[in-house]
file coords19.pdb (PDB, C-alpha atoms)
ATOM      1  CA  MET A   1      95.169  74.248 111.448
ATOM      2  CA  PHE A   2      95.643  72.170 114.615
ATOM      3  CA  LEU A   3      96.852  75.221 116.571
ATOM      4  CA  PHE A   4      93.816  77.205 115.510
ATOM      5  CA  PHE A   5      91.550  74.376 116.672
ATOM      6  CA  VAL A   6      93.302  74.112 120.039
ATOM      7  CA  ALA A   7      93.140  77.880 120.558
ATOM      8  CA  TYR A   8      89.498  77.955 119.508
ATOM      9  CA  THR A   9      88.484  75.067 121.750
ATOM     10  CA  SER A  10      90.374  76.424 124.739
ATOM     11  CA  HIS A  11      88.478  79.706 124.432
ATOM     12  CA  ALA A  12      85.206  77.850 124.051
ATOM     13  CA  GLN A  13      85.527  75.898 127.323
ATOM     14  CA  PRO A  14      83.352  77.241 130.132
ATOM     15  CA  GLY A  15      85.118  78.615 133.182
ATOM     16  CA  LYS A  16      88.374  79.292 131.320
ATOM     17  CA  LYS A  17      89.773  82.812 131.319
ATOM     18  CA  THR A  18      90.834  84.258 128.006
ATOM     19  CA  ILE A  19      94.119  86.126 127.959
ATOM     20  CA  THR A  20      94.163  88.889 125.379
ATOM     21  CA  LEU A  21      97.032  91.212 124.554
ATOM     22  CA  GLU A  22      95.483  94.643 124.471
ATOM     23  CA  ALA A  23      96.741  98.009 123.370
ATOM     24  CA  ALA A  24      96.577  99.284 126.971
ATOM     25  CA  GLY A  25     100.176  98.186 127.569
ATOM     26  CA  GLN A  26     101.476  99.598 124.300
ATOM     27  CA  PRO A  27     102.532 103.079 123.278
ATOM     28  CA  LEU A  28      99.742 105.142 121.722
ATOM     29  CA  ILE A  29     100.676 107.999 119.398
ATOM     30  CA  LYS A  30      98.199 110.884 119.316
ATOM     31  CA  PHE A  31      98.828 113.733 116.847
ATOM     32  CA  GLU A  32      97.403 117.205 117.474
ATOM     33  CA  THR A  33      96.661 117.221 113.749
ATOM     34  CA  THR A  34      97.586 114.925 110.870
ATOM     35  CA  LEU A  35      97.028 117.493 108.102
ATOM     36  CA  HIS A  36      98.603 120.889 107.503
ATOM     37  CA  ASP A  37      97.563 123.188 104.666
ATOM     38  CA  PHE A  38     100.245 125.748 103.797
ATOM     39  CA  GLY A  39      97.811 127.544 101.504
ATOM     40  CA  LYS A  40      99.562 129.442  98.715
ATOM     41  CA  ILE A  41     103.351 129.639  98.905
ATOM     42  CA  VAL A  42     105.868 131.282  96.596
ATOM     43  CA  GLU A  43     107.909 128.922  94.419
ATOM     44  CA  GLY A  44     111.352 128.367  95.937
ATOM     45  CA  THR A  45     110.065 128.540  99.519
ATOM     46  CA  GLN A  46     111.191 125.934 102.050
ATOM     47  CA  ALA A  47     107.809 125.422 103.743
ATOM     48  CA  THR A  48     108.136 123.852 107.203
ATOM     49  CA  TYR A  49     105.593 122.550 109.693
ATOM     50  CA  GLU A  50     105.958 120.611 112.956
ATOM     51  CA  PHE A  51     103.457 117.846 113.636
ATOM     52  CA  LYS A  52     103.180 117.630 117.419
ATOM     53  CA  PHE A  53     102.243 114.354 119.065
ATOM     54  CA  THR A  54     101.953 112.783 122.516
ATOM     55  CA  ASN A  55     102.534 109.235 123.703
ATOM     56  CA  ASN A  56      99.201 108.463 125.398
ATOM     57  CA  GLY A  57     100.207 104.843 126.035
ATOM     58  CA  LYS A  58     101.785 103.045 128.962
ATOM     59  CA  THR A  59     105.225 102.239 127.494
ATOM     60  CA  PRO A  60     107.860 104.236 125.546
ATOM     61  CA  LEU A  61     107.000 105.141 121.949
ATOM     62  CA  ILE A  62     109.727 104.605 119.349
ATOM     63  CA  LEU A  63     109.498 106.045 115.835
ATOM     64  CA  SER A  64     111.364 103.508 113.714
ATOM     65  CA  ASP A  65     111.010 105.312 110.378
ATOM     66  CA  VAL A  66     109.351 108.369 108.868
ATOM     67  CA  LYS A  67     109.138 108.054 105.087
ATOM     68  CA  PRO A  68     108.385 110.959 102.772
ATOM     69  CA  PRO A  69     106.780 110.329  99.375
ATOM     70  CA  CYS A  70     109.582 112.075  97.478
ATOM     71  CA  SER A  71     112.917 113.853  97.864
ATOM     72  CA  CYS A  72     111.212 117.276  97.905
ATOM     73  CA  THR A  73     109.792 116.473 101.360
ATOM     74  CA  VAL A  74     112.185 115.976 104.282
ATOM     75  CA  PRO A  75     111.057 114.825 107.744
ATOM     76  CA  ILE A  76     113.124 115.122 110.914
ATOM     77  CA  TRP A  77     111.917 113.045 113.854
ATOM     78  CA  PRO A  78     113.094 112.149 117.361
ATOM     79  CA  LYS A  79     115.296 109.063 117.483
ATOM     80  CA  GLU A  80     115.036 108.612 121.257
ATOM     81  CA  PRO A  81     112.018 106.893 122.889
ATOM     82  CA  ILE A  82     109.113 109.154 123.848
ATOM     83  CA  LEU A  83     108.074 108.266 127.398
ATOM     84  CA  PRO A  84     104.396 107.834 128.341
ATOM     85  CA  GLY A  85     102.682 111.206 128.719
ATOM     86  CA  LYS A  86     105.502 113.065 126.945
ATOM     87  CA  SER A  87     105.262 114.994 123.677
ATOM     88  CA  ALA A  88     107.533 115.502 120.690
ATOM     89  CA  SER A  89     107.215 116.547 117.059
ATOM     90  CA  ILE A  90     108.046 115.585 113.514
ATOM     91  CA  LYS A  91     109.384 118.531 111.511
ATOM     92  CA  VAL A  92     108.480 118.321 107.816
ATOM     93  CA  THR A  93     110.016 120.603 105.172
ATOM     94  CA  PHE A  94     108.707 120.840 101.618
ATOM     95  CA  ASP A  95     111.045 122.303  98.975
ATOM     96  CA  SER A  96     108.808 124.069  96.460
ATOM     97  CA  LYS A  97     111.595 124.919  94.007
ATOM     98  CA  GLY A  98     110.524 123.760  90.531
ATOM     99  CA  LYS A  99     107.201 122.427  91.859
ATOM    100  CA  PRO A 100     104.513 124.857  90.661
ATOM    101  CA  GLY A 101     100.876 123.962  91.224
ATOM    102  CA  VAL A 102      98.986 121.954  93.817
ATOM    103  CA  PHE A 103     100.891 119.596  96.117
ATOM    104  CA  ASN A 104      99.638 116.976  98.541
ATOM    105  CA  LYS A 105     102.340 114.928 100.312
ATOM    106  CA  THR A 106     101.608 112.102 102.750
ATOM    107  CA  ILE A 107     104.394 111.006 105.087
ATOM    108  CA  THR A 108     104.348 107.489 106.564
ATOM    109  CA  VAL A 109     105.191 107.273 110.273
ATOM    110  CA  LYS A 110     106.277 103.778 111.429
ATOM    111  CA  HIS A 111     106.330 103.158 115.178
ATOM    112  CA  ASN A 112     105.924 100.539 117.890
ATOM    113  CA  GLY A 113     102.504 101.842 118.926
ATOM    114  CA  GLU A 114      99.055 100.343 118.715
ATOM    115  CA  SER A 115      98.503 100.867 114.974
ATOM    116  CA  GLY A 116     102.166 100.477 113.947
ATOM    117  CA  THR A 117     101.750 103.038 111.163
ATOM    118  CA  ASP A 118     100.238 106.510 111.006
ATOM    119  CA  TYR A 119     100.144 109.134 108.264
ATOM    120  CA  ILE A 120     100.643 112.893 108.290
ATOM    121  CA  THR A 121      99.955 115.110 105.297
ATOM    122  CA  ILE A 122     101.026 118.514 104.029
ATOM    123  CA  LYS A 123      99.341 120.280 101.160
ATOM    124  CA  GLY A 124      99.176 123.626  99.445
ATOM    125  CA  VAL A 125      99.607 125.485  96.188
ATOM    126  CA  VAL A 126     102.939 126.696  94.813
ATOM    127  CA  GLY A 127     102.620 129.935  92.853
ATOM    128  CA  SER A 128     104.824 132.763  91.723
TER     129      SER A 128
END
call {"tool": "encode", "arguments": {"input": "coords19.pdb", "output": "structure tokens"}}
result
Amino acid sequence: MFLFFVAYTSHAQPGKKTITLEAAGQPLIKFETTLHDFGKIVEGTQATYEFKFTNNGKTPLILSDVKPPCSCTVPIWPKEPILPGKSASIKVTFDSKGKPGVFNKTITVKHNGESGTDYITIKGVVGS
């Protein structure tokens, strides 16, 4: 509580400059799209899509983890840092074997960027 009071009062004093850590110095992940609709696919198909993204920040972007919602969805992502202004992609494969019907899978992307977490989604319908 004391630290909050000191921080609050120091910001409230006239003539003092406030130092704020802003996202300008951080990586900034920007996906071309965060949703891909496969439409109708035949059961047994290995449906694959690459989510392209760019680091629009000022420092290297590092993807620390990319978590699928289930074992039927497999992401492959770059393990090396993505430099500012550079692009890369996350390849996502959905195994439709034994999964008839509508699917909607959201993959969690953990990174050192401004938001810390982003989400990409694949969807479609598995038929025969």
call {"tool": "resolve_selection", "arguments": {"input": "coords19.pdb", "expression": "the PyMOL selection byres ((chain A and resi 45-47) around 9)", "output": "tab-separated table (two decimals) with C-alpha atoms, in the frame of the given file"}}
result
chain	number	residue	atom	x	y	z
A	38	PHE	CA	100.24	125.75	103.80
A	41	ILE	CA	103.35	129.64	98.90
A	42	VAL	CA	105.87	131.28	96.60
A	43	GLU	CA	107.91	128.92	94.42
A	44	GLY	CA	111.35	128.37	95.94
A	48	THR	CA	108.14	123.85	107.20
A	49	TYR	CA	105.59	122.55	109.69
A	92	VAL	CA	108.48	118.32	107.82
A	93	THR	CA	110.02	120.60	105.17
A	94	PHE	CA	108.71	120.84	101.62
A	95	ASP	CA	111.04	122.30	98.98
A	96	SER	CA	108.81	124.07	96.46
A	97	LYS	CA	111.60	124.92	94.01
A	126	VAL	CA	102.94	126.70	94.81
call {"tool": "resolve_selection", "arguments": {"input": "coords19.pdb", "expression": "the PyMOL selection byres ((chain A and resi 102) around 10)", "output": "PyMOL selection string"}}
result
chain A and resi 39-40+99-101+103-104+123-127
call {"tool": "atom_distance", "arguments": {"input": "coords19.pdb", "atom1": "CA of Pro78 in chain A", "atom2": "CA of Phe53 in chain A"}}
result
11.2 Å
call {"tool": "closest_residue", "arguments": {"input": "coords19.pdb", "among": "A:Glu114, A:Gly98, A:Glu80, A:Ala88", "to": "Gly57 in chain A", "atoms": "only C-alpha atoms"}}
result
A:Glu114
call {"tool": "residues_around", "arguments": {"input": "coords19.pdb", "residues": "Thr121 in chain A", "least_positions_apart": "3", "cutoff": "8 Å", "atoms": "all atoms listed in the file", "output": "PyMOL selection string"}}
result
chain A and resi 34-36+104-107
call {"tool": "residues_near_point", "arguments": {"input": "coords19.pdb", "point": "(99.4, 110.3, 130.7)", "cutoff": "7 Å", "atoms": "all atoms listed in the file", "output": "list in words"}}
result
Asn56, Pro84 and Gly85 of chain A
call {"tool": "atom_distance", "arguments": {"input": "coords19.pdb", "atom1": "CA of Pro81 in chain A", "atom2": "CA of Ile62 in chain A"}}
result
4.8 Å
call {"tool": "atom_distance", "arguments": {"input": "coords19.pdb", "atom1": "CA of Val109 in chain A", "atom2": "CA of Ser89 in chain A"}}
result
11.7 Å
call {"tool": "decode", "arguments": {"input": "coords19.pdb", "residues": "range 85-103 of chain A", "atoms": "N, CA, C and O atoms", "output": "short mmCIF file (atom, residue, chain, number, x, y, z; two decimals), in the first residue's frame"}}
result
data_model
loop_
_atom_site.label_atom_id
_atom_site.label_comp_id
_atom_site.auth_asym_id
_atom_site.auth_seq_id
_atom_site.Cartn_x
_atom_site.Cartn_y
_atom_site.Cartn_z
N GLY A 85 10.40 -6.28 -38.32
CA GLY A 85 10.15 -6.14 -39.75
C GLY A 85 10.13 -7.45 -40.51
O GLY A 85 9.75 -7.49 -41.68
N LYS A 86 10.54 -8.54 -39.88
CA LYS A 86 10.59 -9.84 -40.55
C LYS A 86 9.28 -10.61 -40.34
O LYS A 86 8.54 -10.37 -39.39
N SER A 87 9.05 -11.57 -41.23
CA SER A 87 7.83 -12.38 -41.19
C SER A 87 8.17 -13.86 -41.02
O SER A 87 9.28 -14.28 -41.32
N ALA A 88 7.20 -14.59 -40.54
CA ALA A 88 7.31 -16.04 -40.37
C ALA A 88 5.89 -16.60 -40.38
O ALA A 88 4.93 -15.87 -40.65
N SER A 89 5.76 -17.89 -40.09
CA SER A 89 4.42 -18.47 -40.06
C SER A 89 4.34 -19.61 -39.05
O SER A 89 5.34 -20.18 -38.65
N ILE A 90 3.10 -19.87 -38.67
CA ILE A 90 2.77 -21.01 -37.81
C ILE A 90 1.95 -21.96 -38.67
O ILE A 90 0.89 -21.59 -39.18
N LYS A 91 2.48 -23.16 -38.88
CA LYS A 91 1.80 -24.17 -39.69
C LYS A 91 0.92 -25.01 -38.77
O LYS A 91 1.41 -25.58 -37.78
N VAL A 92 -0.36 -25.08 -39.08
CA VAL A 92 -1.31 -25.83 -38.26
C VAL A 92 -1.93 -26.94 -39.11
O VAL A 92 -2.43 -26.69 -40.21
N THR A 93 -1.87 -28.18 -38.58
CA THR A 93 -2.45 -29.33 -39.28
C THR A 93 -3.55 -29.93 -38.41
O THR A 93 -3.33 -30.21 -37.23
N PHE A 94 -4.71 -30.13 -39.02
CA PHE A 94 -5.84 -30.75 -38.35
C PHE A 94 -6.04 -32.14 -38.95
O PHE A 94 -6.20 -32.30 -40.15
N ASP A 95 -6.04 -33.17 -38.09
CA ASP A 95 -6.26 -34.55 -38.52
C ASP A 95 -7.75 -34.84 -38.38
O ASP A 95 -8.26 -34.96 -37.28
N SER A 96 -8.44 -34.99 -39.50
CA SER A 96 -9.89 -35.16 -39.48
C SER A 96 -10.35 -36.61 -39.33
O SER A 96 -11.55 -36.88 -39.28
N LYS A 97 -9.39 -37.53 -39.24
CA LYS A 97 -9.75 -38.95 -39.11
C LYS A 97 -10.58 -39.18 -37.83
O LYS A 97 -10.15 -38.85 -36.73
N GLY A 98 -11.78 -39.74 -38.02
CA GLY A 98 -12.66 -40.04 -36.90
C GLY A 98 -13.29 -38.81 -36.27
O GLY A 98 -13.75 -38.86 -35.13
N LYS A 99 -13.31 -37.71 -37.00
CA LYS A 99 -13.85 -36.44 -36.47
C LYS A 99 -14.94 -35.87 -37.38
O LYS A 99 -14.84 -34.73 -37.82
N PRO A 100 -16.00 -36.63 -37.67
CA PRO A 100 -17.03 -36.11 -38.56
C PRO A 100 -17.79 -34.94 -37.91
O PRO A 100 -17.89 -34.86 -36.70
N GLY A 101 -18.26 -34.06 -38.77
CA GLY A 101 -19.05 -32.92 -38.29
C GLY A 101 -18.25 -31.62 -38.28
O GLY A 101 -17.16 -31.52 -38.82
N VAL A 102 -18.84 -30.63 -37.63
CA VAL A 102 -18.25 -29.30 -37.55
C VAL A 102 -17.07 -29.29 -36.57
O VAL A 102 -17.15 -29.91 -35.51
N PHE A 103 -15.99 -28.60 -36.94
CA PHE A 103 -14.89 -28.40 -36.00
C PHE A 103 -14.52 -26.93 -35.96
O PHE A 103 -14.68 -26.20 -36.93
#
